[in-house]
file protein30.txt (compact mmCIF, N, CA and C atoms)
# COMPACT_ATOMS: atom_id res chain seq x y z
N MET A 1 86.43 105.47 102.97
CA MET A 1 87.77 104.92 102.85
C MET A 1 87.97 104.44 101.42
N VAL A 2 89.20 104.62 100.90
CA VAL A 2 89.58 104.09 99.60
C VAL A 2 90.83 103.23 99.78
N THR A 3 91.00 102.31 98.85
CA THR A 3 92.14 101.40 98.89
C THR A 3 92.96 101.55 97.62
N LEU A 4 94.23 101.78 97.79
CA LEU A 4 95.17 101.78 96.67
C LEU A 4 95.66 100.36 96.47
N VAL A 5 95.59 99.87 95.25
CA VAL A 5 96.23 98.62 94.88
C VAL A 5 97.25 98.98 93.81
N ASN A 6 98.52 98.76 94.12
CA ASN A 6 99.60 99.14 93.21
C ASN A 6 100.47 97.91 92.95
N CYS A 7 100.44 97.44 91.71
CA CYS A 7 101.16 96.23 91.30
C CYS A 7 102.49 96.64 90.66
N PHE A 8 103.58 96.03 91.12
CA PHE A 8 104.92 96.39 90.65
C PHE A 8 105.57 95.24 89.88
N GLU A 9 106.14 95.58 88.73
CA GLU A 9 106.96 94.64 87.97
C GLU A 9 108.40 94.86 88.42
N VAL A 10 109.00 93.80 88.97
CA VAL A 10 110.34 93.88 89.52
C VAL A 10 111.19 92.79 88.87
N PRO A 11 112.22 93.16 88.13
CA PRO A 11 113.08 92.16 87.49
C PRO A 11 113.72 91.22 88.52
N ALA A 12 113.85 89.97 88.15
CA ALA A 12 114.48 88.98 89.03
C ALA A 12 115.86 89.47 89.46
N GLY A 13 116.16 89.28 90.72
CA GLY A 13 117.45 89.67 91.26
C GLY A 13 117.51 91.11 91.75
N ARG A 14 116.42 91.87 91.55
CA ARG A 14 116.43 93.29 91.94
C ARG A 14 115.42 93.57 93.06
N GLU A 15 115.00 92.50 93.74
CA GLU A 15 113.99 92.64 94.79
C GLU A 15 114.46 93.54 95.93
N SER A 16 115.70 93.37 96.38
CA SER A 16 116.22 94.18 97.49
C SER A 16 116.30 95.65 97.11
N GLU A 17 116.73 95.92 95.90
CA GLU A 17 116.81 97.31 95.42
C GLU A 17 115.42 97.94 95.39
N PHE A 18 114.44 97.20 94.85
CA PHE A 18 113.07 97.71 94.83
C PHE A 18 112.56 97.97 96.24
N PHE A 19 112.75 97.00 97.13
CA PHE A 19 112.21 97.12 98.49
C PHE A 19 112.80 98.33 99.21
N SER A 20 114.07 98.60 99.01
CA SER A 20 114.71 99.75 99.62
C SER A 20 114.08 101.06 99.13
N LEU A 21 113.86 101.17 97.83
CA LEU A 21 113.23 102.36 97.26
C LEU A 21 111.78 102.48 97.75
N TRP A 22 111.08 101.36 97.76
CA TRP A 22 109.68 101.36 98.19
C TRP A 22 109.57 101.83 99.65
N GLN A 23 110.49 101.39 100.50
CA GLN A 23 110.46 101.78 101.91
C GLN A 23 110.61 103.30 102.07
N GLN A 24 111.43 103.92 101.25
CA GLN A 24 111.61 105.37 101.31
C GLN A 24 110.30 106.08 101.01
N VAL A 25 109.62 105.64 99.95
CA VAL A 25 108.35 106.25 99.58
C VAL A 25 107.29 105.94 100.64
N ASN A 26 107.29 104.72 101.15
CA ASN A 26 106.32 104.34 102.17
C ASN A 26 106.46 105.19 103.43
N ARG A 27 107.68 105.44 103.87
CA ARG A 27 107.90 106.29 105.04
C ARG A 27 107.31 107.69 104.81
N TYR A 28 107.52 108.20 103.62
CA TYR A 28 107.01 109.53 103.28
C TYR A 28 105.48 109.53 103.32
N MET A 29 104.86 108.53 102.70
CA MET A 29 103.40 108.50 102.61
C MET A 29 102.74 108.24 103.96
N ARG A 30 103.36 107.45 104.81
CA ARG A 30 102.77 107.15 106.14
C ARG A 30 102.62 108.42 106.98
N ALA A 31 103.42 109.42 106.72
CA ALA A 31 103.36 110.67 107.48
C ALA A 31 102.27 111.62 106.97
N LYS A 32 101.63 111.29 105.87
CA LYS A 32 100.64 112.17 105.26
C LYS A 32 99.28 112.05 105.95
N PRO A 33 98.56 113.17 106.06
CA PRO A 33 97.20 113.11 106.62
C PRO A 33 96.31 112.17 105.79
N GLY A 34 95.53 111.37 106.47
CA GLY A 34 94.60 110.47 105.80
C GLY A 34 95.13 109.08 105.56
N TYR A 35 96.43 108.88 105.74
CA TYR A 35 97.00 107.54 105.59
C TYR A 35 96.51 106.67 106.74
N LEU A 36 96.05 105.45 106.44
CA LEU A 36 95.55 104.55 107.47
C LEU A 36 96.43 103.32 107.69
N ALA A 37 96.75 102.61 106.63
CA ALA A 37 97.50 101.35 106.77
C ALA A 37 97.95 100.87 105.40
N HIS A 38 98.85 99.89 105.42
CA HIS A 38 99.28 99.26 104.16
C HIS A 38 99.71 97.82 104.42
N LYS A 39 99.77 97.06 103.34
CA LYS A 39 100.37 95.73 103.33
C LYS A 39 101.07 95.59 101.98
N LEU A 40 102.36 95.24 102.03
CA LEU A 40 103.10 94.98 100.80
C LEU A 40 103.19 93.47 100.66
N HIS A 41 102.73 92.95 99.54
CA HIS A 41 102.72 91.52 99.27
C HIS A 41 103.81 91.19 98.25
N ARG A 42 104.47 90.03 98.45
CA ARG A 42 105.47 89.54 97.48
C ARG A 42 104.97 88.21 96.94
N SER A 43 105.04 88.05 95.64
CA SER A 43 104.60 86.82 95.00
C SER A 43 105.46 85.63 95.43
N LEU A 44 104.83 84.50 95.64
CA LEU A 44 105.58 83.27 95.93
C LEU A 44 106.10 82.65 94.64
N ALA A 45 105.55 83.06 93.51
CA ALA A 45 105.99 82.54 92.20
C ALA A 45 106.97 83.52 91.57
N PRO A 46 108.23 83.12 91.40
CA PRO A 46 109.23 84.04 90.85
C PRO A 46 108.92 84.49 89.42
N GLU A 47 108.09 83.75 88.71
CA GLU A 47 107.76 84.13 87.33
C GLU A 47 106.53 85.03 87.24
N ALA A 48 105.94 85.40 88.38
CA ALA A 48 104.76 86.26 88.37
C ALA A 48 105.08 87.61 87.73
N ARG A 49 104.16 88.12 86.96
CA ARG A 49 104.37 89.42 86.32
C ARG A 49 104.54 90.50 87.39
N TYR A 50 103.65 90.51 88.36
CA TYR A 50 103.72 91.49 89.44
C TYR A 50 104.32 90.82 90.66
N ARG A 51 105.59 91.06 90.89
CA ARG A 51 106.31 90.43 91.99
C ARG A 51 105.91 91.02 93.33
N PHE A 52 105.52 92.30 93.35
CA PHE A 52 105.10 92.96 94.57
C PHE A 52 103.78 93.68 94.32
N VAL A 53 102.90 93.62 95.31
CA VAL A 53 101.62 94.32 95.24
C VAL A 53 101.43 95.06 96.57
N ASN A 54 101.29 96.36 96.48
CA ASN A 54 101.05 97.18 97.67
C ASN A 54 99.56 97.48 97.77
N VAL A 55 99.02 97.26 98.97
CA VAL A 55 97.61 97.57 99.25
C VAL A 55 97.61 98.54 100.42
N ALA A 56 97.12 99.76 100.18
CA ALA A 56 97.14 100.79 101.21
C ALA A 56 95.76 101.42 101.35
N GLN A 57 95.38 101.69 102.60
CA GLN A 57 94.09 102.32 102.85
C GLN A 57 94.30 103.80 103.19
N TRP A 58 93.40 104.61 102.65
CA TRP A 58 93.40 106.05 102.89
C TRP A 58 92.00 106.46 103.34
N GLU A 59 91.92 107.50 104.15
CA GLU A 59 90.63 107.98 104.64
C GLU A 59 89.70 108.38 103.52
N SER A 60 90.26 108.99 102.46
CA SER A 60 89.42 109.45 101.35
C SER A 60 90.27 109.60 100.09
N GLN A 61 89.57 109.73 98.99
CA GLN A 61 90.25 109.97 97.72
C GLN A 61 90.97 111.33 97.76
N ALA A 62 90.39 112.30 98.44
CA ALA A 62 91.01 113.62 98.56
C ALA A 62 92.33 113.54 99.33
N HIS A 63 92.36 112.77 100.42
CA HIS A 63 93.61 112.59 101.18
C HIS A 63 94.67 111.92 100.30
N PHE A 64 94.25 110.90 99.59
CA PHE A 64 95.17 110.19 98.70
C PHE A 64 95.76 111.15 97.66
N ALA A 65 94.91 111.94 97.04
CA ALA A 65 95.37 112.87 96.01
C ALA A 65 96.32 113.91 96.60
N ALA A 66 95.99 114.44 97.77
CA ALA A 66 96.82 115.46 98.40
C ALA A 66 98.20 114.93 98.78
N ALA A 67 98.29 113.65 99.10
CA ALA A 67 99.56 113.05 99.49
C ALA A 67 100.53 112.95 98.31
N HIS A 68 100.01 112.99 97.10
CA HIS A 68 100.86 112.87 95.91
C HIS A 68 101.33 114.26 95.49
N ASP A 69 102.12 114.84 96.36
CA ASP A 69 102.60 116.21 96.21
C ASP A 69 103.98 116.24 95.57
N ASP A 70 104.61 117.40 95.60
CA ASP A 70 105.94 117.56 95.00
C ASP A 70 106.97 116.64 95.65
N GLY A 71 106.88 116.45 96.97
CA GLY A 71 107.81 115.57 97.66
C GLY A 71 107.69 114.13 97.19
N PHE A 72 106.46 113.67 97.03
CA PHE A 72 106.22 112.32 96.50
C PHE A 72 106.77 112.20 95.08
N ARG A 73 106.44 113.16 94.24
CA ARG A 73 106.90 113.11 92.84
C ARG A 73 108.43 113.12 92.75
N ALA A 74 109.08 113.86 93.64
CA ALA A 74 110.55 113.88 93.64
C ALA A 74 111.12 112.50 93.98
N LEU A 75 110.48 111.81 94.90
CA LEU A 75 110.96 110.46 95.27
C LEU A 75 110.80 109.47 94.13
N VAL A 76 109.62 109.42 93.52
CA VAL A 76 109.35 108.39 92.52
C VAL A 76 109.86 108.73 91.12
N SER A 77 110.34 109.95 90.93
CA SER A 77 110.89 110.30 89.61
C SER A 77 112.41 110.11 89.56
N ARG A 78 112.98 109.64 90.65
CA ARG A 78 114.42 109.37 90.65
C ARG A 78 114.75 108.27 89.62
N PRO A 79 115.90 108.36 88.99
CA PRO A 79 116.27 107.39 87.94
C PRO A 79 116.25 105.93 88.42
N GLU A 80 116.49 105.70 89.70
CA GLU A 80 116.52 104.32 90.23
C GLU A 80 115.17 103.62 90.06
N TRP A 81 114.09 104.38 89.98
CA TRP A 81 112.75 103.80 89.85
C TRP A 81 112.46 103.32 88.42
N ALA A 82 113.25 103.71 87.46
CA ALA A 82 112.95 103.42 86.05
C ALA A 82 112.77 101.92 85.77
N ALA A 83 113.48 101.07 86.48
CA ALA A 83 113.41 99.63 86.24
C ALA A 83 112.16 98.99 86.83
N PHE A 84 111.43 99.74 87.65
CA PHE A 84 110.29 99.17 88.37
C PHE A 84 109.00 99.86 87.96
N THR A 85 108.30 99.26 87.00
CA THR A 85 107.04 99.85 86.56
C THR A 85 105.92 99.43 87.50
N SER A 86 104.91 100.28 87.56
CA SER A 86 103.79 99.96 88.45
C SER A 86 102.47 100.26 87.77
N THR A 87 101.43 99.65 88.31
CA THR A 87 100.07 99.85 87.82
C THR A 87 99.19 100.15 89.03
N PRO A 88 99.06 101.44 89.39
CA PRO A 88 98.25 101.80 90.56
C PRO A 88 96.81 102.12 90.19
N ALA A 89 95.90 101.84 91.12
CA ALA A 89 94.50 102.23 90.97
C ALA A 89 93.85 102.28 92.35
N LEU A 90 92.86 103.16 92.49
CA LEU A 90 92.09 103.25 93.73
C LEU A 90 90.84 102.38 93.61
N TYR A 91 90.47 101.76 94.73
CA TYR A 91 89.30 100.90 94.77
C TYR A 91 88.46 101.22 95.99
N GLU A 92 87.18 100.86 95.91
CA GLU A 92 86.29 100.94 97.05
C GLU A 92 85.75 99.54 97.32
N VAL A 93 85.43 99.26 98.57
CA VAL A 93 84.91 97.95 98.94
C VAL A 93 83.45 97.85 98.49
N VAL A 94 83.12 96.77 97.80
CA VAL A 94 81.74 96.53 97.41
C VAL A 94 81.18 95.24 98.03
N HIS A 95 82.06 94.43 98.61
CA HIS A 95 81.60 93.20 99.27
C HIS A 95 82.71 92.71 100.19
N THR A 96 82.33 92.22 101.36
CA THR A 96 83.29 91.60 102.26
C THR A 96 82.72 90.26 102.72
N GLY A 97 83.59 89.42 103.24
CA GLY A 97 83.15 88.12 103.73
C GLY A 97 84.16 87.52 104.67
N THR A 98 83.69 86.63 105.48
CA THR A 98 84.55 85.84 106.36
C THR A 98 84.04 84.40 106.30
N THR A 99 84.77 83.50 106.89
CA THR A 99 84.31 82.11 106.88
C THR A 99 82.99 81.98 107.61
N GLU A 100 82.74 82.80 108.61
CA GLU A 100 81.48 82.75 109.35
C GLU A 100 80.32 83.23 108.48
N SER A 101 80.54 84.24 107.62
CA SER A 101 79.45 84.76 106.81
C SER A 101 79.15 83.90 105.59
N GLN A 102 79.97 82.89 105.33
CA GLN A 102 79.76 82.04 104.18
C GLN A 102 78.85 80.85 104.50
N GLN A 103 78.44 80.70 105.73
CA GLN A 103 77.61 79.57 106.12
C GLN A 103 76.17 79.77 105.74
call {"tool": "encode", "arguments": {"input": "protein30.txt", "output": "structure tokens"}}
result
Amino acid sequence: MVTLVNCFEVPAGRESEFFSLWQQVNRYMRAKPGYLAHKLHRSLAPEARYRFVNVAQWESQAHFAAAHDDGFRALVSRPEWAAFTSTPALYEVVHTGTTESQQ
């Protein structure tokens, strides 16, 4: 399994516009083979550089790469996305913990 962490810079006052665009892309990606789950996080601090952070799990790096096809590129290359820059990267788990394992 791999995890996508994608941090988005969203100008103040444009949160609804971003979320609407993000939902369109999310619907598309959820239908792709290998997609497992996601969580979209919103910063509680309005001055945060990254107002939204998407964390999505994929079965493999190959599934993730295959999902970024022409349909995906058509969605994210629309002019409406220009105001919302992102910093995506894939990660693998190297350590986990719970309150029980910290004892």
call {"tool": "closest_residue", "arguments": {"input": "protein30.txt", "among": "A:Ala83, A:Leu4, A:Ala56, A:Ala89", "to": "A:Lys39", "atoms": "only N, CA and C atoms"}}
result
A:Ala56
call {"tool": "closest_residue", "arguments": {"input": "protein30.txt", "among": "A:Glu100, A:Thr85, A:Leu75, A:Leu44", "to": "A:Gln23", "atoms": "only C-alpha atoms"}}
result
A:Leu75
call {"tool": "atom_distance", "arguments": {"input": "protein30.txt", "atom1": "atom CA of A:Gly71", "atom2": "atom CA of A:Ser20"}}
result
17.4 Å
call {"tool": "select_by_dssp", "arguments": {"input": "protein30.txt", "residues": "chain A", "states": "strand (DSSP E)", "output": "PyMOL selection string"}}
result
chain A and resi 2-9+35-42+52-58+85-91
call {"tool": "write_last_selection", "arguments": {"input": "protein30.txt", "atoms": "N, CA and C atoms", "output": "PDB file, in the frame of the given file"}}
result
ATOM      1  N   VAL A   2      89.200 104.620 100.900  1.00  0.00           N
ATOM      2  CA  VAL A   2      89.580 104.090  99.600  1.00  0.00           C
ATOM      3  C   VAL A   2      90.830 103.230  99.780  1.00  0.00           C
ATOM      4  N   THR A   3      91.000 102.310  98.850  1.00  0.00           N
ATOM      5  CA  THR A   3      92.140 101.400  98.890  1.00  0.00           C
ATOM      6  C   THR A   3      92.960 101.550  97.620  1.00  0.00           C
ATOM      7  N   LEU A   4      94.230 101.780  97.790  1.00  0.00           N
ATOM      8  CA  LEU A   4      95.170 101.780  96.670  1.00  0.00           C
ATOM      9  C   LEU A   4      95.660 100.360  96.470  1.00  0.00           C
ATOM     10  N   VAL A   5      95.590  99.870  95.250  1.00  0.00           N
ATOM     11  CA  VAL A   5      96.230  98.620  94.880  1.00  0.00           C
ATOM     12  C   VAL A   5      97.250  98.980  93.810  1.00  0.00           C
ATOM     13  N   ASN A   6      98.520  98.760  94.120  1.00  0.00           N
ATOM     14  CA  ASN A   6      99.600  99.140  93.210  1.00  0.00           C
ATOM     15  C   ASN A   6     100.470  97.910  92.950  1.00  0.00           C
ATOM     16  N   CYS A   7     100.440  97.440  91.710  1.00  0.00           N
ATOM     17  CA  CYS A   7     101.160  96.230  91.300  1.00  0.00           C
ATOM     18  C   CYS A   7     102.490  96.640  90.660  1.00  0.00           C
ATOM     19  N   PHE A   8     103.580  96.030  91.120  1.00  0.00           N
ATOM     20  CA  PHE A   8     104.920  96.390  90.650  1.00  0.00           C
ATOM     21  C   PHE A   8     105.570  95.240  89.880  1.00  0.00           C
ATOM     22  N   GLU A   9     106.140  95.580  88.730  1.00  0.00           N
ATOM     23  CA  GLU A   9     106.960  94.640  87.970  1.00  0.00           C
ATOM     24  C   GLU A   9     108.400  94.860  88.420  1.00  0.00           C
ATOM     25  N   TYR A  35      96.430 108.880 105.740  1.00  0.00           N
ATOM     26  CA  TYR A  35      97.000 107.540 105.590  1.00  0.00           C
ATOM     27  C   TYR A  35      96.510 106.670 106.740  1.00  0.00           C
ATOM     28  N   LEU A  36      96.050 105.450 106.440  1.00  0.00           N
ATOM     29  CA  LEU A  36      95.550 104.550 107.470  1.00  0.00           C
ATOM     30  C   LEU A  36      96.430 103.320 107.690  1.00  0.00           C
ATOM     31  N   ALA A  37      96.750 102.610 106.630  1.00  0.00           N
ATOM     32  CA  ALA A  37      97.500 101.350 106.770  1.00  0.00           C
ATOM     33  C   ALA A  37      97.950 100.870 105.400  1.00  0.00           C
ATOM     34  N   HIS A  38      98.850  99.890 105.420  1.00  0.00           N
ATOM     35  CA  HIS A  38      99.280  99.260 104.160  1.00  0.00           C
ATOM     36  C   HIS A  38      99.710  97.820 104.420  1.00  0.00           C
ATOM     37  N   LYS A  39      99.770  97.060 103.340  1.00  0.00           N
ATOM     38  CA  LYS A  39     100.370  95.730 103.330  1.00  0.00           C
ATOM     39  C   LYS A  39     101.070  95.590 101.980  1.00  0.00           C
ATOM     40  N   LEU A  40     102.360  95.240 102.030  1.00  0.00           N
ATOM     41  CA  LEU A  40     103.100  94.980 100.800  1.00  0.00           C
ATOM     42  C   LEU A  40     103.190  93.470 100.660  1.00  0.00           C
ATOM     43  N   HIS A  41     102.730  92.950  99.540  1.00  0.00           N
ATOM     44  CA  HIS A  41     102.720  91.520  99.270  1.00  0.00           C
ATOM     45  C   HIS A  41     103.810  91.190  98.250  1.00  0.00           C
ATOM     46  N   ARG A  42     104.470  90.030  98.450  1.00  0.00           N
ATOM     47  CA  ARG A  42     105.470  89.540  97.480  1.00  0.00           C
ATOM     48  C   ARG A  42     104.970  88.210  96.940  1.00  0.00           C
ATOM     49  N   PHE A  52     105.520  92.300  93.350  1.00  0.00           N
ATOM     50  CA  PHE A  52     105.100  92.960  94.570  1.00  0.00           C
ATOM     51  C   PHE A  52     103.780  93.680  94.320  1.00  0.00           C
ATOM     52  N   VAL A  53     102.900  93.620  95.310  1.00  0.00           N
ATOM     53  CA  VAL A  53     101.620  94.320  95.240  1.00  0.00           C
ATOM     54  C   VAL A  53     101.430  95.060  96.570  1.00  0.00           C
ATOM     55  N   ASN A  54     101.290  96.360  96.480  1.00  0.00           N
ATOM     56  CA  ASN A  54     101.050  97.180  97.670  1.00  0.00           C
ATOM     57  C   ASN A  54      99.560  97.480  97.770  1.00  0.00           C
ATOM     58  N   VAL A  55      99.020  97.260  98.970  1.00  0.00           N
ATOM     59  CA  VAL A  55      97.610  97.570  99.250  1.00  0.00           C
ATOM     60  C   VAL A  55      97.610  98.540 100.420  1.00  0.00           C
ATOM     61  N   ALA A  56      97.120  99.760 100.180  1.00  0.00           N
ATOM     62  CA  ALA A  56      97.140 100.790 101.210  1.00  0.00           C
ATOM     63  C   ALA A  56      95.760 101.420 101.350  1.00  0.00           C
ATOM     64  N   GLN A  57      95.380 101.690 102.600  1.00  0.00           N
ATOM     65  CA  GLN A  57      94.090 102.320 102.850  1.00  0.00           C
ATOM     66  C   GLN A  57      94.300 103.800 103.190  1.00  0.00           C
ATOM     67  N   TRP A  58      93.400 104.610 102.650  1.00  0.00           N
ATOM     68  CA  TRP A  58      93.400 106.050 102.890  1.00  0.00           C
ATOM     69  C   TRP A  58      92.000 106.460 103.340  1.00  0.00           C
ATOM     70  N   THR A  85     108.300  99.260  87.000  1.00  0.00           N
ATOM     71  CA  THR A  85     107.040  99.850  86.560  1.00  0.00           C
ATOM     72  C   THR A  85     105.920  99.430  87.500  1.00  0.00           C
ATOM     73  N   SER A  86     104.910 100.280  87.560  1.00  0.00           N
ATOM     74  CA  SER A  86     103.790  99.960  88.450  1.00  0.00           C
ATOM     75  C   SER A  86     102.470 100.260  87.770  1.00  0.00           C
ATOM     76  N   THR A  87     101.430  99.650  88.310  1.00  0.00           N
ATOM     77  CA  THR A  87     100.070  99.850  87.820  1.00  0.00           C
ATOM     78  C   THR A  87      99.190 100.150  89.030  1.00  0.00           C
ATOM     79  N   PRO A  88      99.060 101.440  89.390  1.00  0.00           N
ATOM     80  CA  PRO A  88      98.250 101.800  90.560  1.00  0.00           C
ATOM     81  C   PRO A  88      96.810 102.120  90.190  1.00  0.00           C
ATOM     82  N   ALA A  89      95.900 101.840  91.120  1.00  0.00           N
ATOM     83  CA  ALA A  89      94.500 102.230  90.970  1.00  0.00           C
ATOM     84  C   ALA A  89      93.850 102.280  92.350  1.00  0.00           C
ATOM     85  N   LEU A  90      92.860 103.160  92.490  1.00  0.00           N
ATOM     86  CA  LEU A  90      92.090 103.250  93.730  1.00  0.00           C
ATOM     87  C   LEU A  90      90.840 102.380  93.610  1.00  0.00           C
ATOM     88  N   TYR A  91      90.470 101.760  94.730  1.00  0.00           N
ATOM     89  CA  TYR A  91      89.300 100.900  94.770  1.00  0.00           C
ATOM     90  C   TYR A  91      88.460 101.220  95.990  1.00  0.00           C
TER      91      TYR A  91
END
call {"tool": "atom_distance", "arguments": {"input": "protein30.txt", "atom1": "atom CA of A:Val2", "atom2": "atom CA of A:Tyr50"}}
result
21.5 Å
call {"tool": "residues_around", "arguments": {"input": "protein30.txt", "residues": "A:Val76", "least_positions_apart": "3", "cutoff": "12 Å", "atoms": "only C-alpha atoms", "output": "number ranges by chain"}}
result
A: 18, 21-26, 28-29, 68-73, 79-86
call {"tool": "select_by_dssp", "arguments": {"input": "protein30.txt", "residues": "stretch 9-96 of chain A", "states": "alpha helix (DSSP H)", "output": "VMD selection string"}}
result
chain A and resid 15 to 30 61 to 67 70 to 76
call {"tool": "write_last_selection", "arguments": {"input": "protein30.txt", "atoms": "N, CA and C atoms", "output": "PDB file, in the coordinates of the input"}}
result
ATOM      1  N   GLU A  15     115.000  92.500  93.740  1.00  0.00           N
ATOM      2  CA  GLU A  15     113.990  92.640  94.790  1.00  0.00           C
ATOM      3  C   GLU A  15     114.460  93.540  95.930  1.00  0.00           C
ATOM      4  N   SER A  16     115.700  93.370  96.380  1.00  0.00           N
ATOM      5  CA  SER A  16     116.220  94.180  97.490  1.00  0.00           C
ATOM      6  C   SER A  16     116.300  95.650  97.110  1.00  0.00           C
ATOM      7  N   GLU A  17     116.730  95.920  95.900  1.00  0.00           N
ATOM      8  CA  GLU A  17     116.810  97.310  95.420  1.00  0.00           C
ATOM      9  C   GLU A  17     115.420  97.940  95.390  1.00  0.00           C
ATOM     10  N   PHE A  18     114.440  97.200  94.850  1.00  0.00           N
ATOM     11  CA  PHE A  18     113.070  97.710  94.830  1.00  0.00           C
ATOM     12  C   PHE A  18     112.560  97.970  96.240  1.00  0.00           C
ATOM     13  N   PHE A  19     112.750  97.000  97.130  1.00  0.00           N
ATOM     14  CA  PHE A  19     112.210  97.120  98.490  1.00  0.00           C
ATOM     15  C   PHE A  19     112.800  98.330  99.210  1.00  0.00           C
ATOM     16  N   SER A  20     114.070  98.600  99.010  1.00  0.00           N
ATOM     17  CA  SER A  20     114.710  99.750  99.620  1.00  0.00           C
ATOM     18  C   SER A  20     114.080 101.060  99.130  1.00  0.00           C
ATOM     19  N   LEU A  21     113.860 101.170  97.830  1.00  0.00           N
ATOM     20  CA  LEU A  21     113.230 102.360  97.260  1.00  0.00           C
ATOM     21  C   LEU A  21     111.780 102.480  97.750  1.00  0.00           C
ATOM     22  N   TRP A  22     111.080 101.360  97.760  1.00  0.00           N
ATOM     23  CA  TRP A  22     109.680 101.360  98.190  1.00  0.00           C
ATOM     24  C   TRP A  22     109.570 101.830  99.650  1.00  0.00           C
ATOM     25  N   GLN A  23     110.490 101.390 100.500  1.00  0.00           N
ATOM     26  CA  GLN A  23     110.460 101.780 101.910  1.00  0.00           C
ATOM     27  C   GLN A  23     110.610 103.300 102.070  1.00  0.00           C
ATOM     28  N   GLN A  24     111.430 103.920 101.250  1.00  0.00           N
ATOM     29  CA  GLN A  24     111.610 105.370 101.310  1.00  0.00           C
ATOM     30  C   GLN A  24     110.300 106.080 101.010  1.00  0.00           C
ATOM     31  N   VAL A  25     109.620 105.640  99.950  1.00  0.00           N
ATOM     32  CA  VAL A  25     108.350 106.250  99.580  1.00  0.00           C
ATOM     33  C   VAL A  25     107.290 105.940 100.640  1.00  0.00           C
ATOM     34  N   ASN A  26     107.290 104.720 101.150  1.00  0.00           N
ATOM     35  CA  ASN A  26     106.320 104.340 102.170  1.00  0.00           C
ATOM     36  C   ASN A  26     106.460 105.190 103.430  1.00  0.00           C
ATOM     37  N   ARG A  27     107.680 105.440 103.870  1.00  0.00           N
ATOM     38  CA  ARG A  27     107.900 106.290 105.040  1.00  0.00           C
ATOM     39  C   ARG A  27     107.310 107.690 104.810  1.00  0.00           C
ATOM     40  N   TYR A  28     107.520 108.200 103.620  1.00  0.00           N
ATOM     41  CA  TYR A  28     107.010 109.530 103.280  1.00  0.00           C
ATOM     42  C   TYR A  28     105.480 109.530 103.320  1.00  0.00           C
ATOM     43  N   MET A  29     104.860 108.530 102.700  1.00  0.00           N
ATOM     44  CA  MET A  29     103.400 108.500 102.610  1.00  0.00           C
ATOM     45  C   MET A  29     102.740 108.240 103.960  1.00  0.00           C
ATOM     46  N   ARG A  30     103.360 107.450 104.810  1.00  0.00           N
ATOM     47  CA  ARG A  30     102.770 107.150 106.140  1.00  0.00           C
ATOM     48  C   ARG A  30     102.620 108.420 106.980  1.00  0.00           C
ATOM     49  N   GLN A  61      89.570 109.730  98.990  1.00  0.00           N
ATOM     50  CA  GLN A  61      90.250 109.970  97.720  1.00  0.00           C
ATOM     51  C   GLN A  61      90.970 111.330  97.760  1.00  0.00           C
ATOM     52  N   ALA A  62      90.390 112.300  98.440  1.00  0.00           N
ATOM     53  CA  ALA A  62      91.010 113.620  98.560  1.00  0.00           C
ATOM     54  C   ALA A  62      92.330 113.540  99.330  1.00  0.00           C
ATOM     55  N   HIS A  63      92.360 112.770 100.420  1.00  0.00           N
ATOM     56  CA  HIS A  63      93.610 112.590 101.180  1.00  0.00           C
ATOM     57  C   HIS A  63      94.670 111.920 100.300  1.00  0.00           C
ATOM     58  N   PHE A  64      94.250 110.900  99.590  1.00  0.00           N
ATOM     59  CA  PHE A  64      95.170 110.190  98.700  1.00  0.00           C
ATOM     60  C   PHE A  64      95.760 111.150  97.660  1.00  0.00           C
ATOM     61  N   ALA A  65      94.910 111.940  97.040  1.00  0.00           N
ATOM     62  CA  ALA A  65      95.370 112.870  96.010  1.00  0.00           C
ATOM     63  C   ALA A  65      96.320 113.910  96.600  1.00  0.00           C
ATOM     64  N   ALA A  66      95.990 114.440  97.770  1.00  0.00           N
ATOM     65  CA  ALA A  66      96.820 115.460  98.400  1.00  0.00           C
ATOM     66  C   ALA A  66      98.200 114.930  98.780  1.00  0.00           C
ATOM     67  N   ALA A  67      98.290 113.650  99.100  1.00  0.00           N
ATOM     68  CA  ALA A  67      99.560 113.050  99.490  1.00  0.00           C
ATOM     69  C   ALA A  67     100.530 112.950  98.310  1.00  0.00           C
ATOM     70  N   ASP A  70     104.610 117.400  95.600  1.00  0.00           N
ATOM     71  CA  ASP A  70     105.940 117.560  95.000  1.00  0.00           C
ATOM     72  C   ASP A  70     106.970 116.640  95.650  1.00  0.00           C
ATOM     73  N   GLY A  71     106.880 116.450  96.970  1.00  0.00           N
ATOM     74  CA  GLY A  71     107.810 115.570  97.660  1.00  0.00           C
ATOM     75  C   GLY A  71     107.690 114.130  97.190  1.00  0.00           C
ATOM     76  N   PHE A  72     106.460 113.670  97.030  1.00  0.00           N
ATOM     77  CA  PHE A  72     106.220 112.320  96.500  1.00  0.00           C
ATOM     78  C   PHE A  72     106.770 112.200  95.080  1.00  0.00           C
ATOM     79  N   ARG A  73     106.440 113.160  94.240  1.00  0.00           N
ATOM     80  CA  ARG A  73     106.900 113.110  92.840  1.00  0.00           C
ATOM     81  C   ARG A  73     108.430 113.120  92.750  1.00  0.00           C
ATOM     82  N   ALA A  74     109.080 113.860  93.640  1.00  0.00           N
ATOM     83  CA  ALA A  74     110.550 113.880  93.640  1.00  0.00           C
ATOM     84  C   ALA A  74     111.120 112.500  93.980  1.00  0.00           C
ATOM     85  N   LEU A  75     110.480 111.810  94.900  1.00  0.00           N
ATOM     86  CA  LEU A  75     110.960 110.460  95.270  1.00  0.00           C
ATOM     87  C   LEU A  75     110.800 109.470  94.130  1.00  0.00           C
ATOM     88  N   VAL A  76     109.620 109.420  93.520  1.00  0.00           N
ATOM     89  CA  VAL A  76     109.350 108.390  92.520  1.00  0.00           C
ATOM     90  C   VAL A  76     109.860 108.730  91.120  1.00  0.00           C
TER      91      VAL A  76
END
call {"tool": "atom_distance", "arguments": {"input": "protein30.txt", "atom1": "atom N of A:Leu36", "atom2": "atom N of A:Thr96"}}
result
19.7 Å
call {"tool": "closest_residue", "arguments": {"input": "protein30.txt", "among": "A:Ala66, A:Cys7, A:Arg27, A:Ser16", "to": "A:His41", "atoms": "only C-alpha atoms"}}
result
A:Cys7
